[in-house]
file data13.cif (mmCIF, C-alpha atoms and all ligand atoms; chains and numbers go by the auth columns)
data_data
loop_
_atom_site.group_PDB
_atom_site.id
_atom_site.type_symbol
_atom_site.label_atom_id
_atom_site.label_comp_id
_atom_site.label_asym_id
_atom_site.label_seq_id
_atom_site.Cartn_x
_atom_site.Cartn_y
_atom_site.Cartn_z
_atom_site.B_iso_or_equiv
_atom_site.auth_seq_id
_atom_site.auth_asym_id
ATOM 1 C CA MET A 1 105.254 91.838 32.611 0.00 1 W
ATOM 2 C CA LYS A 2 106.341 89.016 30.340 0.00 2 W
ATOM 3 C CA PHE A 3 104.896 85.550 30.943 0.00 3 W
ATOM 4 C CA PHE A 4 107.154 82.546 30.628 0.00 4 W
ATOM 5 C CA VAL A 5 105.548 79.148 30.945 0.00 5 W
ATOM 6 C CA ASP A 6 107.241 76.880 33.458 0.00 6 W
ATOM 7 C CA THR A 7 106.702 73.432 31.995 0.00 7 W
ATOM 8 C CA ALA A 8 107.931 70.903 29.456 0.00 8 W
ATOM 9 C CA GLU A 9 104.359 69.891 28.520 0.00 9 W
ATOM 10 C CA ILE A 10 103.967 70.817 24.844 0.00 10 W
ATOM 11 C CA ASP A 11 100.140 70.778 24.731 0.00 11 W
ATOM 12 C CA ALA A 12 99.880 73.199 27.634 0.00 12 W
ATOM 13 C CA ILE A 13 102.432 75.535 26.024 0.00 13 W
ATOM 14 C CA ALA A 14 100.553 75.405 22.702 0.00 14 W
ATOM 15 C CA GLU A 15 97.217 76.249 24.332 0.00 15 W
ATOM 16 C CA LEU A 16 98.602 79.343 26.077 0.00 16 W
ATOM 17 C CA ASN A 17 100.700 80.362 23.091 0.00 17 W
ATOM 18 C CA ALA A 18 97.588 80.436 20.882 0.00 18 W
ATOM 19 C CA LEU A 19 96.244 83.211 23.125 0.00 19 W
ATOM 20 C CA GLY A 20 99.465 85.220 23.039 0.00 20 W
ATOM 21 C CA MET A 21 100.163 84.413 26.699 0.00 21 W
ATOM 22 C CA VAL A 22 103.654 82.998 26.202 0.00 22 W
ATOM 23 C CA ASP A 23 106.711 85.249 25.920 0.00 23 W
ATOM 24 C CA GLY A 24 109.179 82.474 26.677 0.00 24 W
ATOM 25 C CA GLY A 25 109.620 79.222 28.554 0.00 25 W
ATOM 26 C CA THR A 26 111.534 77.697 31.415 0.00 26 W
ATOM 27 C CA THR A 27 112.400 74.104 32.179 0.00 27 W
ATOM 28 C CA ASN A 28 114.496 72.418 34.813 0.00 28 W
ATOM 29 C CA PRO A 29 115.663 68.830 35.400 0.00 29 W
ATOM 30 C CA SER A 30 112.551 68.056 37.479 0.00 30 W
ATOM 31 C CA LEU A 31 110.207 69.299 34.737 0.00 31 W
ATOM 32 C CA ILE A 32 112.099 67.287 32.097 0.00 32 W
ATOM 33 C CA MET A 33 111.798 64.211 34.341 0.00 33 W
ATOM 34 C CA LYS A 34 108.064 64.880 34.775 0.00 34 W
ATOM 35 C CA SER A 35 107.551 65.125 31.002 0.00 35 W
ATOM 36 C CA GLY A 36 109.180 61.732 30.466 0.00 36 W
ATOM 37 C CA ARG A 37 110.778 63.178 27.309 0.00 37 W
ATOM 38 C CA ASP A 38 114.330 63.449 26.010 0.00 38 W
ATOM 39 C CA ILE A 39 115.748 66.887 26.929 0.00 39 W
ATOM 40 C CA ARG A 40 116.944 67.687 23.408 0.00 40 W
ATOM 41 C CA GLU A 41 113.727 66.612 21.697 0.00 41 W
ATOM 42 C CA VAL A 42 111.338 68.334 24.048 0.00 42 W
ATOM 43 C CA THR A 43 113.415 71.506 24.300 0.00 43 W
ATOM 44 C CA GLU A 44 113.636 71.746 20.511 0.00 44 W
ATOM 45 C CA GLU A 45 109.838 71.446 20.286 0.00 45 W
ATOM 46 C CA ILE A 46 109.334 74.137 22.903 0.00 46 W
ATOM 47 C CA CYS A 47 111.819 76.452 21.160 0.00 47 W
ATOM 48 C CA ALA A 48 110.012 75.992 17.844 0.00 48 W
ATOM 49 C CA ARG A 49 106.669 76.986 19.381 0.00 49 W
ATOM 50 C CA VAL A 50 107.804 79.859 21.568 0.00 50 W
ATOM 51 C CA ASP A 51 109.181 83.101 20.158 0.00 51 W
ATOM 52 C CA GLY A 52 111.087 84.236 23.239 0.00 52 W
ATOM 53 C CA PRO A 53 113.865 82.736 25.350 0.00 53 W
ATOM 54 C CA VAL A 54 113.528 79.121 26.482 0.00 54 W
ATOM 55 C CA SER A 55 115.653 78.161 29.475 0.00 55 W
ATOM 56 C CA ALA A 56 117.374 74.774 29.490 0.00 56 W
ATOM 57 C CA GLU A 57 119.293 73.838 32.610 0.00 57 W
ATOM 58 C CA THR A 58 122.795 72.440 32.996 0.00 58 W
ATOM 59 C CA VAL A 59 123.390 69.661 35.517 0.00 59 W
ATOM 60 C CA ALA A 60 127.178 69.730 35.977 0.00 60 W
ATOM 61 C CA THR A 61 128.329 71.110 39.311 0.00 61 W
ATOM 62 C CA ASP A 62 131.709 72.500 38.183 0.00 62 W
ATOM 63 C CA ALA A 63 132.146 75.579 36.002 0.00 63 W
ATOM 64 C CA ASP A 64 133.874 73.817 33.099 0.00 64 W
ATOM 65 C CA GLY A 65 131.138 71.189 33.032 0.00 65 W
ATOM 66 C CA MET A 66 128.401 73.839 33.060 0.00 66 W
ATOM 67 C CA ILE A 67 130.126 75.756 30.276 0.00 67 W
ATOM 68 C CA ALA A 68 130.432 72.622 28.115 0.00 68 W
ATOM 69 C CA GLU A 69 126.818 71.604 28.790 0.00 69 W
ATOM 70 C CA GLY A 70 125.616 75.150 28.193 0.00 70 W
ATOM 71 C CA ARG A 71 127.316 75.319 24.799 0.00 71 W
ATOM 72 C CA GLU A 72 125.759 71.951 23.934 0.00 72 W
ATOM 73 C CA LEU A 73 122.264 73.018 25.010 0.00 73 W
ATOM 74 C CA ALA A 74 122.630 76.257 23.040 0.00 74 W
ATOM 75 C CA LYS A 75 122.974 74.209 19.851 0.00 75 W
ATOM 76 C CA ILE A 76 119.322 73.129 20.211 0.00 76 W
ATOM 77 C CA ALA A 77 117.963 76.497 19.023 0.00 77 W
ATOM 78 C CA ASP A 78 118.813 80.190 18.755 0.00 78 W
ATOM 79 C CA ASN A 79 116.391 81.099 21.549 0.00 79 W
ATOM 80 C CA ILE A 80 117.974 78.944 24.250 0.00 80 W
ATOM 81 C CA ALA A 81 118.828 80.643 27.536 0.00 81 W
ATOM 82 C CA ILE A 82 121.337 78.520 29.429 0.00 82 W
ATOM 83 C CA LYS A 83 120.268 77.986 33.008 0.00 83 W
ATOM 84 C CA VAL A 84 122.968 77.600 35.659 0.00 84 W
ATOM 85 C CA PRO A 85 122.545 77.399 39.440 0.00 85 W
ATOM 86 C CA LEU A 86 123.513 80.247 41.716 0.00 86 W
ATOM 87 C CA THR A 87 126.699 78.693 43.040 0.00 87 W
ATOM 88 C CA TRP A 88 130.204 80.118 42.724 0.00 88 W
ATOM 89 C CA ALA A 89 130.795 77.692 39.834 0.00 89 W
ATOM 90 C CA GLY A 90 127.497 78.808 38.283 0.00 90 W
ATOM 91 C CA LEU A 91 128.629 82.435 38.434 0.00 91 W
ATOM 92 C CA GLN A 92 131.929 81.516 36.770 0.00 92 W
ATOM 93 C CA ALA A 93 130.020 79.695 34.024 0.00 93 W
ATOM 94 C CA CYS A 94 127.629 82.644 33.687 0.00 94 W
ATOM 95 C CA LYS A 95 130.541 85.049 33.163 0.00 95 W
ATOM 96 C CA VAL A 96 132.067 82.883 30.416 0.00 96 W
ATOM 97 C CA LEU A 97 128.801 82.003 28.646 0.00 97 W
ATOM 98 C CA SER A 98 127.415 85.547 28.763 0.00 98 W
ATOM 99 C CA GLY A 99 130.799 86.774 27.489 0.00 99 W
ATOM 100 C CA GLU A 100 130.215 84.580 24.442 0.00 100 W
ATOM 101 C CA GLY A 101 127.005 86.504 23.798 0.00 101 W
ATOM 102 C CA ARG A 102 124.718 83.761 25.092 0.00 102 W
ATOM 103 C CA MET A 103 121.638 84.315 27.249 0.00 103 W
ATOM 104 C CA VAL A 104 122.176 82.984 30.760 0.00 104 W
ATOM 105 C CA ASN A 105 119.467 82.451 33.376 0.00 105 W
ATOM 106 C CA VAL A 106 120.911 82.111 36.878 0.00 106 W
ATOM 107 C CA THR A 107 118.514 79.989 38.871 0.00 107 W
ATOM 108 C CA LEU A 108 117.900 78.890 42.461 0.00 108 W
ATOM 109 C CA CYS A 109 118.299 82.457 43.747 0.00 109 W
ATOM 110 C CA PHE A 110 117.145 82.954 47.326 0.00 110 W
ATOM 111 C CA SER A 111 118.804 86.229 48.372 0.00 111 W
ATOM 112 C CA ALA A 112 119.367 89.776 47.141 0.00 112 W
ATOM 113 C CA ASN A 113 123.130 89.305 47.470 0.00 113 W
ATOM 114 C CA GLN A 114 123.004 86.294 45.151 0.00 114 W
ATOM 115 C CA ALA A 115 121.041 88.391 42.644 0.00 115 W
ATOM 116 C CA LEU A 116 123.648 91.159 42.834 0.00 116 W
ATOM 117 C CA LEU A 117 126.427 88.679 42.039 0.00 117 W
ATOM 118 C CA ALA A 118 124.489 87.256 39.079 0.00 118 W
ATOM 119 C CA ALA A 119 124.014 90.721 37.586 0.00 119 W
ATOM 120 C CA LYS A 120 127.725 91.447 37.930 0.00 120 W
ATOM 121 C CA ALA A 121 128.509 88.107 36.229 0.00 121 W
ATOM 122 C CA GLY A 122 126.460 89.212 33.212 0.00 122 W
ATOM 123 C CA ALA A 123 123.264 87.178 33.682 0.00 123 W
ATOM 124 C CA SER A 124 120.430 87.932 31.270 0.00 124 W
ATOM 125 C CA PHE A 125 117.928 86.654 33.854 0.00 125 W
ATOM 126 C CA ILE A 126 117.949 86.101 37.595 0.00 126 W
ATOM 127 C CA SER A 127 115.431 83.554 38.888 0.00 127 W
ATOM 128 C CA PRO A 128 114.403 84.204 42.506 0.00 128 W
ATOM 129 C CA PHE A 129 112.230 81.321 43.788 0.00 129 W
ATOM 130 C CA ILE A 130 109.221 82.833 45.533 0.00 130 W
ATOM 131 C CA GLY A 131 107.262 79.703 46.463 0.00 131 W
ATOM 132 C CA ARG A 132 110.183 77.858 47.983 0.00 132 W
ATOM 133 C CA LEU A 133 110.900 80.845 50.263 0.00 133 W
ATOM 134 C CA ASP A 134 107.224 80.995 51.249 0.00 134 W
ATOM 135 C CA ASP A 135 107.509 77.267 52.051 0.00 135 W
ATOM 136 C CA ILE A 136 110.014 78.082 54.801 0.00 136 W
ATOM 137 C CA ASN A 137 108.028 81.098 56.059 0.00 137 W
ATOM 138 C CA ILE A 138 110.182 83.743 54.370 0.00 138 W
ATOM 139 C CA ASP A 139 108.272 86.218 52.211 0.00 139 W
ATOM 140 C CA GLY A 140 109.330 85.388 48.653 0.00 140 W
ATOM 141 C CA LEU A 141 107.725 88.531 47.243 0.00 141 W
ATOM 142 C CA GLU A 142 109.910 90.686 49.476 0.00 142 W
ATOM 143 C CA LEU A 143 112.910 89.255 47.640 0.00 143 W
ATOM 144 C CA ILE A 144 111.434 90.356 44.309 0.00 144 W
ATOM 145 C CA ALA A 145 111.019 93.889 45.683 0.00 145 W
ATOM 146 C CA ASP A 146 114.591 93.921 47.044 0.00 146 W
ATOM 147 C CA ILE A 147 116.156 92.736 43.782 0.00 147 W
ATOM 148 C CA ARG A 148 114.065 95.223 41.763 0.00 148 W
ATOM 149 C CA GLN A 149 115.303 98.071 43.969 0.00 149 W
ATOM 150 C CA ILE A 150 118.949 96.982 43.815 0.00 150 W
ATOM 151 C CA TYR A 151 118.941 96.497 40.040 0.00 151 W
ATOM 152 C CA ASP A 152 117.219 99.855 39.540 0.00 152 W
ATOM 153 C CA ASN A 153 119.675 101.603 41.890 0.00 153 W
ATOM 154 C CA TYR A 154 122.566 100.686 39.620 0.00 154 W
ATOM 155 C CA GLY A 155 120.906 100.222 36.238 0.00 155 W
ATOM 156 C CA TYR A 156 121.645 96.517 35.921 0.00 156 W
ATOM 157 C CA GLU A 157 120.012 95.128 32.800 0.00 157 W
ATOM 158 C CA THR A 158 119.601 91.603 34.189 0.00 158 W
ATOM 159 C CA GLU A 159 115.892 90.809 34.022 0.00 159 W
ATOM 160 C CA VAL A 160 114.098 89.792 37.213 0.00 160 W
ATOM 161 C CA LEU A 161 112.440 86.481 36.336 0.00 161 W
ATOM 162 C CA ALA A 162 110.162 85.586 39.237 0.00 162 W
ATOM 163 C CA ALA A 163 110.072 81.792 39.551 0.00 163 W
ATOM 164 C CA SER A 164 108.605 79.088 41.783 0.00 164 W
ATOM 165 C CA ILE A 165 105.257 80.801 41.347 0.00 165 W
ATOM 166 C CA ARG A 166 102.449 78.866 42.967 0.00 166 W
ATOM 167 C CA THR A 167 99.464 81.227 43.173 0.00 167 W
ATOM 168 C CA VAL A 168 97.633 83.869 41.168 0.00 168 W
ATOM 169 C CA ASN A 169 98.463 86.288 43.970 0.00 169 W
ATOM 170 C CA HIS A 170 102.160 85.751 43.208 0.00 170 W
ATOM 171 C CA MET A 171 101.454 86.824 39.605 0.00 171 W
ATOM 172 C CA SER A 172 99.665 90.083 40.409 0.00 172 W
ATOM 173 C CA GLU A 173 102.109 90.986 43.179 0.00 173 W
ATOM 174 C CA CYS A 174 105.100 90.363 40.880 0.00 174 W
ATOM 175 C CA ALA A 175 103.509 92.641 38.295 0.00 175 W
ATOM 176 C CA LYS A 176 102.970 95.347 40.933 0.00 176 W
ATOM 177 C CA LEU A 177 106.569 95.008 42.129 0.00 177 W
ATOM 178 C CA GLY A 178 107.940 95.388 38.603 0.00 178 W
ATOM 179 C CA ALA A 179 109.307 91.906 37.926 0.00 179 W
ATOM 180 C CA ASP A 180 110.319 91.836 34.267 0.00 180 W
ATOM 181 C CA VAL A 181 109.108 88.276 33.812 0.00 181 W
ATOM 182 C CA ALA A 182 107.087 85.736 35.769 0.00 182 W
ATOM 183 C CA THR A 183 107.449 82.077 34.937 0.00 183 W
ATOM 184 C CA ALA A 184 104.458 80.068 36.059 0.00 184 W
ATOM 185 C CA PRO A 185 102.910 76.651 35.588 0.00 185 W
ATOM 186 C CA PRO A 186 100.144 76.683 32.937 0.00 186 W
ATOM 187 C CA ALA A 187 97.468 76.009 35.593 0.00 187 W
ATOM 188 C CA VAL A 188 98.382 79.207 37.460 0.00 188 W
ATOM 189 C CA ILE A 189 98.228 81.312 34.286 0.00 189 W
ATOM 190 C CA LYS A 190 94.798 79.863 33.401 0.00 190 W
ATOM 191 C CA LYS A 191 93.535 80.413 36.947 0.00 191 W
ATOM 192 C CA MET A 192 94.218 84.149 36.572 0.00 192 W
ATOM 193 C CA ALA A 193 91.052 84.318 34.431 0.00 193 W
ATOM 194 C CA GLU A 194 88.856 83.048 37.254 0.00 194 W
ATOM 195 C CA HIS A 195 86.711 85.114 39.624 0.00 195 W
ATOM 196 C CA PRO A 196 83.620 83.929 41.518 0.00 196 W
ATOM 197 C CA LEU A 197 81.778 87.165 40.717 0.00 197 W
ATOM 198 C CA THR A 198 82.407 86.575 37.014 0.00 198 W
ATOM 199 C CA ASP A 199 80.800 83.115 37.325 0.00 199 W
ATOM 200 C CA LYS A 200 77.920 84.450 39.421 0.00 200 W
ATOM 201 C CA GLY A 201 77.314 87.366 37.052 0.00 201 W
ATOM 202 C CA LEU A 202 77.367 85.115 34.003 0.00 202 W
ATOM 203 C CA ASP A 203 74.901 82.690 35.594 0.00 203 W
ATOM 204 C CA ALA A 204 72.503 85.592 36.312 0.00 204 W
ATOM 205 C CA PHE A 205 72.826 87.018 32.785 0.00 205 W
ATOM 206 C CA LEU A 206 72.174 83.614 31.218 0.00 206 W
ATOM 207 C CA ALA A 207 69.159 82.990 33.453 0.00 207 W
ATOM 208 C CA ASP A 208 67.643 86.361 32.487 0.00 208 W
ATOM 209 C CA TRP A 209 68.468 85.791 28.826 0.00 209 W
ATOM 210 C CA ALA A 210 66.640 82.443 28.862 0.00 210 W
ATOM 211 C CA LYS A 211 63.529 84.273 30.144 0.00 211 W
ATOM 212 C CA THR A 212 63.529 86.542 27.070 0.00 212 W
ATOM 213 C CA GLY A 213 63.121 83.549 24.726 0.00 213 W
ATOM 214 C CA GLN A 214 65.432 85.324 22.236 0.00 214 W
ATOM 215 C CA LYS A 215 68.344 83.940 20.205 0.00 215 W
ATOM 216 C CA ILE A 216 71.379 85.736 18.741 0.00 216 W
ATOM 217 C CA LEU A 217 72.105 83.038 16.167 0.00 217 W
HETATM 218 O O1 LIG B . 111.096 77.980 37.694 0.00 1 Q
HETATM 219 C C1 LIG B . 111.449 77.248 38.816 0.00 1 Q
HETATM 220 C C2 LIG B . 110.271 76.473 39.261 0.00 1 Q
HETATM 221 O O2 LIG B . 110.026 75.431 38.383 0.00 1 Q
HETATM 222 C C3 LIG B . 110.347 75.935 40.627 0.00 1 Q
HETATM 223 O O3 LIG B . 109.042 75.849 41.056 0.00 1 Q
HETATM 224 O O4 LIG B . 107.192 75.037 42.384 0.00 1 Q
HETATM 225 O O5 LIG B . 109.213 73.580 42.013 0.00 1 Q
HETATM 226 O O6 LIG B . 109.331 75.561 43.512 0.00 1 Q
HETATM 227 P P1 LIG B . 108.682 74.961 42.316 0.00 1 Q
#

call {"tool": "encode", "arguments": {"input": "data13.cif", "output": "structure tokens"}}
result
Amino acid sequence: MKFFVDTAEIDAIAELNALGMVDGGTTNPSLIMKSGRDIREVTEEICARVDGPVSAETVATDADGMIAEGRELAKIADNIAIKVPLTWAGLQACKVLSGEGRMVNVTLCFSANQALLAAKAGASFISPFIGRLDDINIDGLELIADIRQIYDNYGYETEVLAASIRTVNHMSECAKLGADVATAPPAVIKKMAEHPLTDKGLDAFLADWAKTGQKIL
């Protein structure tokens, strides 16, 4: 499973990238707002650091506006994936932009039917939001499983990009379900390394090592 990092914080991206943990990036208007940075500047910096696709989101609500904004955002770097919302206008924009050979990430997906439409409109990525479904007591992971099955049934090449990931459990479950990509906040990716038995075991090893009085260096 590919890891995209869901942030516009450059330092956090750099830290994960140094370990080979970053296969791409995703941003959205809220993350740009949180960064306090200019969308062009920060997106260009992310694109320069990350080898894979970096999603930058349009904010127009009509198809022509999304298409114009998408073309503009695509000028930032070759690895831009244009993010459009899963509305009828977003699907129209997806069809046009993907027809121009551009990567399109269709976001704010909350149903299997929406995902089916995005694939037919030529999306490179579909972004089902797991956490926001969990927030309203609908199992977000079930949506990942449903989309995986539907795409596999018909051989759609649209990649399932699990988004709105909040927990390490979301990460492992997405991997088990066959999501192509998971985009997660840096803190969630770092938390995947943690286990209480690792900490407990290390403490015990270090205590025993101290009793030996030996040194390696
Ligand atoms: O990739 C979409 C993601 O940023 C949304 O996450 O936690 O705001 O639902 P969240």

call {"tool": "residues_around", "arguments": {"input": "data13.cif", "residues": "Ser164 of chain W", "least_positions_apart": "5", "cutoff": "7 Å", "atoms": "all atoms listed in the file", "output": "JSON, numbers by chain"}}
result
{"W": [129, 130, 131, 132]}

call {"tool": "resolve_selection", "arguments": {"input": "data13.cif", "expression": "the PyMOL selection byres (((chain W and resi 120) around 12) and not hetatm)", "output": "PDB file with C-alpha atoms, in the coordinates of the input"}}
result
ATOM      1  CA  LEU W  91     128.629  82.435  38.434  1.00  0.00           C
ATOM      2  CA  GLN W  92     131.929  81.516  36.770  1.00  0.00           C
ATOM      3  CA  CYS W  94     127.629  82.644  33.687  1.00  0.00           C
ATOM      4  CA  LYS W  95     130.541  85.049  33.163  1.00  0.00           C
ATOM      5  CA  SER W  98     127.415  85.547  28.763  1.00  0.00           C
ATOM      6  CA  GLY W  99     130.799  86.774  27.489  1.00  0.00           C
ATOM      7  CA  VAL W 106     120.911  82.111  36.878  1.00  0.00           C
ATOM      8  CA  ASN W 113     123.130  89.305  47.470  1.00  0.00           C
ATOM      9  CA  GLN W 114     123.004  86.294  45.151  1.00  0.00           C
ATOM     10  CA  ALA W 115     121.041  88.391  42.644  1.00  0.00           C
ATOM     11  CA  LEU W 116     123.648  91.159  42.834  1.00  0.00           C
ATOM     12  CA  LEU W 117     126.427  88.679  42.039  1.00  0.00           C
ATOM     13  CA  ALA W 118     124.489  87.256  39.079  1.00  0.00           C
ATOM     14  CA  ALA W 119     124.014  90.721  37.586  1.00  0.00           C
ATOM     15  CA  ALA W 121     128.509  88.107  36.229  1.00  0.00           C
ATOM     16  CA  GLY W 122     126.460  89.212  33.212  1.00  0.00           C
ATOM     17  CA  ALA W 123     123.264  87.178  33.682  1.00  0.00           C
ATOM     18  CA  SER W 124     120.430  87.932  31.270  1.00  0.00           C
ATOM     19  CA  PHE W 125     117.928  86.654  33.854  1.00  0.00           C
ATOM     20  CA  ILE W 126     117.949  86.101  37.595  1.00  0.00           C
ATOM     21  CA  ILE W 150     118.949  96.982  43.815  1.00  0.00           C
ATOM     22  CA  TYR W 151     118.941  96.497  40.040  1.00  0.00           C
ATOM     23  CA  TYR W 154     122.566 100.686  39.620  1.00  0.00           C
ATOM     24  CA  GLY W 155     120.906 100.222  36.238  1.00  0.00           C
ATOM     25  CA  TYR W 156     121.645  96.517  35.921  1.00  0.00           C
ATOM     26  CA  GLU W 157     120.012  95.128  32.800  1.00  0.00           C
ATOM     27  CA  THR W 158     119.601  91.603  34.189  1.00  0.00           C
TER      28      THR W 158
END

call {"tool": "residues_near_point", "arguments": {"input": "data13.cif", "point": "(131.1, 75.1, 38.5)", "cutoff": "6 Å", "atoms": "all atoms listed in the file", "output": "ChimeraX atom specification"}}
result
/W:61-63,89-90

call {"tool": "closest_residue", "arguments": {"input": "data13.cif", "among": "W:Ser55, W:Thr7, W:Thr212, W:Gln149", "to": "Ile32 of chain W", "atoms": "only C-alpha atoms"}}
result
W:Thr7

call {"tool": "residues_near_ligand", "arguments": {"input": "data13.cif", "ligand": "ligand LIG 1 (chain Q)", "cutoff": "10 Å", "atoms": "all atoms listed in the file", "output": "NGL selection string"}}
result
:W and (4-7 or 25-31 or 55 or 107-109 or 127-135 or 161-167 or 182-185)

call {"tool": "write_last_selection", "arguments": {"input": "data13.cif", "atoms": "C-alpha atoms", "output": "short mmCIF file (atom, residue, chain, number, x, y, z; two decimals), in the frame of the given file"}}
result
data_model
loop_
_atom_site.label_atom_id
_atom_site.label_comp_id
_atom_site.auth_asym_id
_atom_site.auth_seq_id
_atom_site.Cartn_x
_atom_site.Cartn_y
_atom_site.Cartn_z
CA PHE W 4 107.15 82.55 30.63
CA VAL W 5 105.55 79.15 30.94
CA ASP W 6 107.24 76.88 33.46
CA THR W 7 106.70 73.43 32.00
CA GLY W 25 109.62 79.22 28.55
CA THR W 26 111.53 77.70 31.42
CA THR W 27 112.40 74.10 32.18
CA ASN W 28 114.50 72.42 34.81
CA PRO W 29 115.66 68.83 35.40
CA SER W 30 112.55 68.06 37.48
CA LEU W 31 110.21 69.30 34.74
CA SER W 55 115.65 78.16 29.48
CA THR W 107 118.51 79.99 38.87
CA LEU W 108 117.90 78.89 42.46
CA CYS W 109 118.30 82.46 43.75
CA SER W 127 115.43 83.55 38.89
CA PRO W 128 114.40 84.20 42.51
CA PHE W 129 112.23 81.32 43.79
CA ILE W 130 109.22 82.83 45.53
CA GLY W 131 107.26 79.70 46.46
CA ARG W 132 110.18 77.86 47.98
CA LEU W 133 110.90 80.84 50.26
CA ASP W 134 107.22 81.00 51.25
CA ASP W 135 107.51 77.27 52.05
CA LEU W 161 112.44 86.48 36.34
CA ALA W 162 110.16 85.59 39.24
CA ALA W 163 110.07 81.79 39.55
CA SER W 164 108.60 79.09 41.78
CA ILE W 165 105.26 80.80 41.35
CA ARG W 166 102.45 78.87 42.97
CA THR W 167 99.46 81.23 43.17
CA ALA W 182 107.09 85.74 35.77
CA THR W 183 107.45 82.08 34.94
CA ALA W 184 104.46 80.07 36.06
CA PRO W 185 102.91 76.65 35.59
#

call {"tool": "residues_around", "arguments": {"input": "data13.cif", "residues": "Arg40 of chain W", "least_positions_apart": "3", "cutoff": "9 Å", "atoms": "only C-alpha atoms", "output": "list in words"}}
result
Arg37, Thr43, Glu44, Glu45, Leu73 and Ile76 of chain W

call {"tool": "resolve_selection", "arguments": {"input": "data13.cif", "expression": "the PyMOL selection byres (((chain W and resi 48) around 12) and not hetatm)", "output": "PyMOL selection string"}}
result
chain W and resi 10+13-14+17+24-25+41-47+49-54+76-80

call {"tool": "closest_residue", "arguments": {"input": "data13.cif", "among": "W:Lys176, W:Lys83, W:Lys2, W:His195", "to": "Val59 of chain W", "atoms": "all atoms listed in the file"}}
result
W:Lys83

call {"tool": "atom_distance", "arguments": {"input": "data13.cif", "atom1": "atom CA of Thr198 of chain W", "atom2": "atom CA of Val22 of chain W"}}
result
24.1 Å

call {"tool": "closest_residue", "arguments": {"input": "data13.cif", "among": "W:Gly65, W:Pro186, W:Gly20, W:Gly140", "to": "Ser111 of chain W", "atoms": "all atoms listed in the file"}}
result
W:Gly140

call {"tool": "atom_distance", "arguments": {"input": "data13.cif", "atom1": "atom CA of Met171 of chain W", "atom2": "atom CA of Thr58 of chain W"}}
result
26.6 Å

call {"tool": "closest_residue", "arguments": {"input": "data13.cif", "among": "W:Arg148, W:Met1, W:Thr87, W:Ala12", "to": "Val188 of chain W", "atoms": "all atoms listed in the file"}}
result
W:Ala12

call {"tool": "atom_distance", "arguments": {"input": "data13.cif", "atom1": "atom CA of Ile189 of chain W", "atom2": "atom CA of Gly70 of chain W"}}
result
28.7 Å

call {"tool": "decode", "arguments": {"input": "data13.cif", "residues": "segment 187-196 of chain W", "atoms": "N, CA, C and O atoms", "output": "PDB file, in the first residue's frame"}}
result
ATOM      1  N   ALA W 187       1.222  12.304  12.119  1.00  0.00           N
ATOM      2  CA  ALA W 187       1.186  11.715  13.469  1.00  0.00           C
ATOM      3  C   ALA W 187       0.669  10.276  13.431  1.00  0.00           C
ATOM      4  O   ALA W 187       1.141   9.423  14.195  1.00  0.00           O
ATOM      5  N   VAL W 188      -0.276   9.988  12.549  1.00  0.00           N
ATOM      6  CA  VAL W 188      -0.808   8.624  12.461  1.00  0.00           C
ATOM      7  C   VAL W 188       0.254   7.692  11.891  1.00  0.00           C
ATOM      8  O   VAL W 188       0.456   6.568  12.385  1.00  0.00           O
ATOM      9  N   ILE W 189       0.973   8.144  10.872  1.00  0.00           N
ATOM     10  CA  ILE W 189       2.022   7.296  10.278  1.00  0.00           C
ATOM     11  C   ILE W 189       3.106   7.002  11.323  1.00  0.00           C
ATOM     12  O   ILE W 189       3.554   5.857  11.464  1.00  0.00           O
ATOM     13  N   LYS W 190       3.504   8.008  12.102  1.00  0.00           N
ATOM     14  CA  LYS W 190       4.543   7.792  13.115  1.00  0.00           C
ATOM     15  C   LYS W 190       4.039   6.867  14.227  1.00  0.00           C
ATOM     16  O   LYS W 190       4.792   6.047  14.750  1.00  0.00           O
ATOM     17  N   LYS W 191       2.777   6.971  14.544  1.00  0.00           N
ATOM     18  CA  LYS W 191       2.204   6.145  15.622  1.00  0.00           C
ATOM     19  C   LYS W 191       2.188   4.657  15.250  1.00  0.00           C
ATOM     20  O   LYS W 191       2.147   3.791  16.127  1.00  0.00           O
ATOM     21  N   MET W 192       2.234   4.360  13.952  1.00  0.00           N
ATOM     22  CA  MET W 192       2.250   2.960  13.520  1.00  0.00           C
ATOM     23  C   MET W 192       3.465   2.205  14.062  1.00  0.00           C
ATOM     24  O   MET W 192       3.473   0.981  14.137  1.00  0.00           O
ATOM     25  N   ALA W 193       4.515   2.948  14.427  1.00  0.00           N
ATOM     26  CA  ALA W 193       5.739   2.300  14.945  1.00  0.00           C
ATOM     27  C   ALA W 193       5.601   1.900  16.402  1.00  0.00           C
ATOM     28  O   ALA W 193       6.432   1.153  16.920  1.00  0.00           O
ATOM     29  N   GLU W 194       4.547   2.394  17.064  1.00  0.00           N
ATOM     30  CA  GLU W 194       4.462   2.215  18.518  1.00  0.00           C
ATOM     31  C   GLU W 194       3.761   0.920  18.914  1.00  0.00           C
ATOM     32  O   GLU W 194       2.780   0.515  18.284  1.00  0.00           O
ATOM     33  N   HIS W 195       4.313   0.264  19.960  1.00  0.00           N
ATOM     34  CA  HIS W 195       3.621  -0.857  20.601  1.00  0.00           C
ATOM     35  C   HIS W 195       4.097  -0.928  22.045  1.00  0.00           C
ATOM     36  O   HIS W 195       5.303  -0.867  22.293  1.00  0.00           O
ATOM     37  N   PRO W 196       3.177  -1.068  23.000  1.00  0.00           N
ATOM     38  CA  PRO W 196       3.607  -1.095  24.407  1.00  0.00           C
ATOM     39  C   PRO W 196       4.573  -2.235  24.714  1.00  0.00           C
ATOM     40  O   PRO W 196       5.453  -2.089  25.566  1.00  0.00           O
TER      41      PRO W 196
END
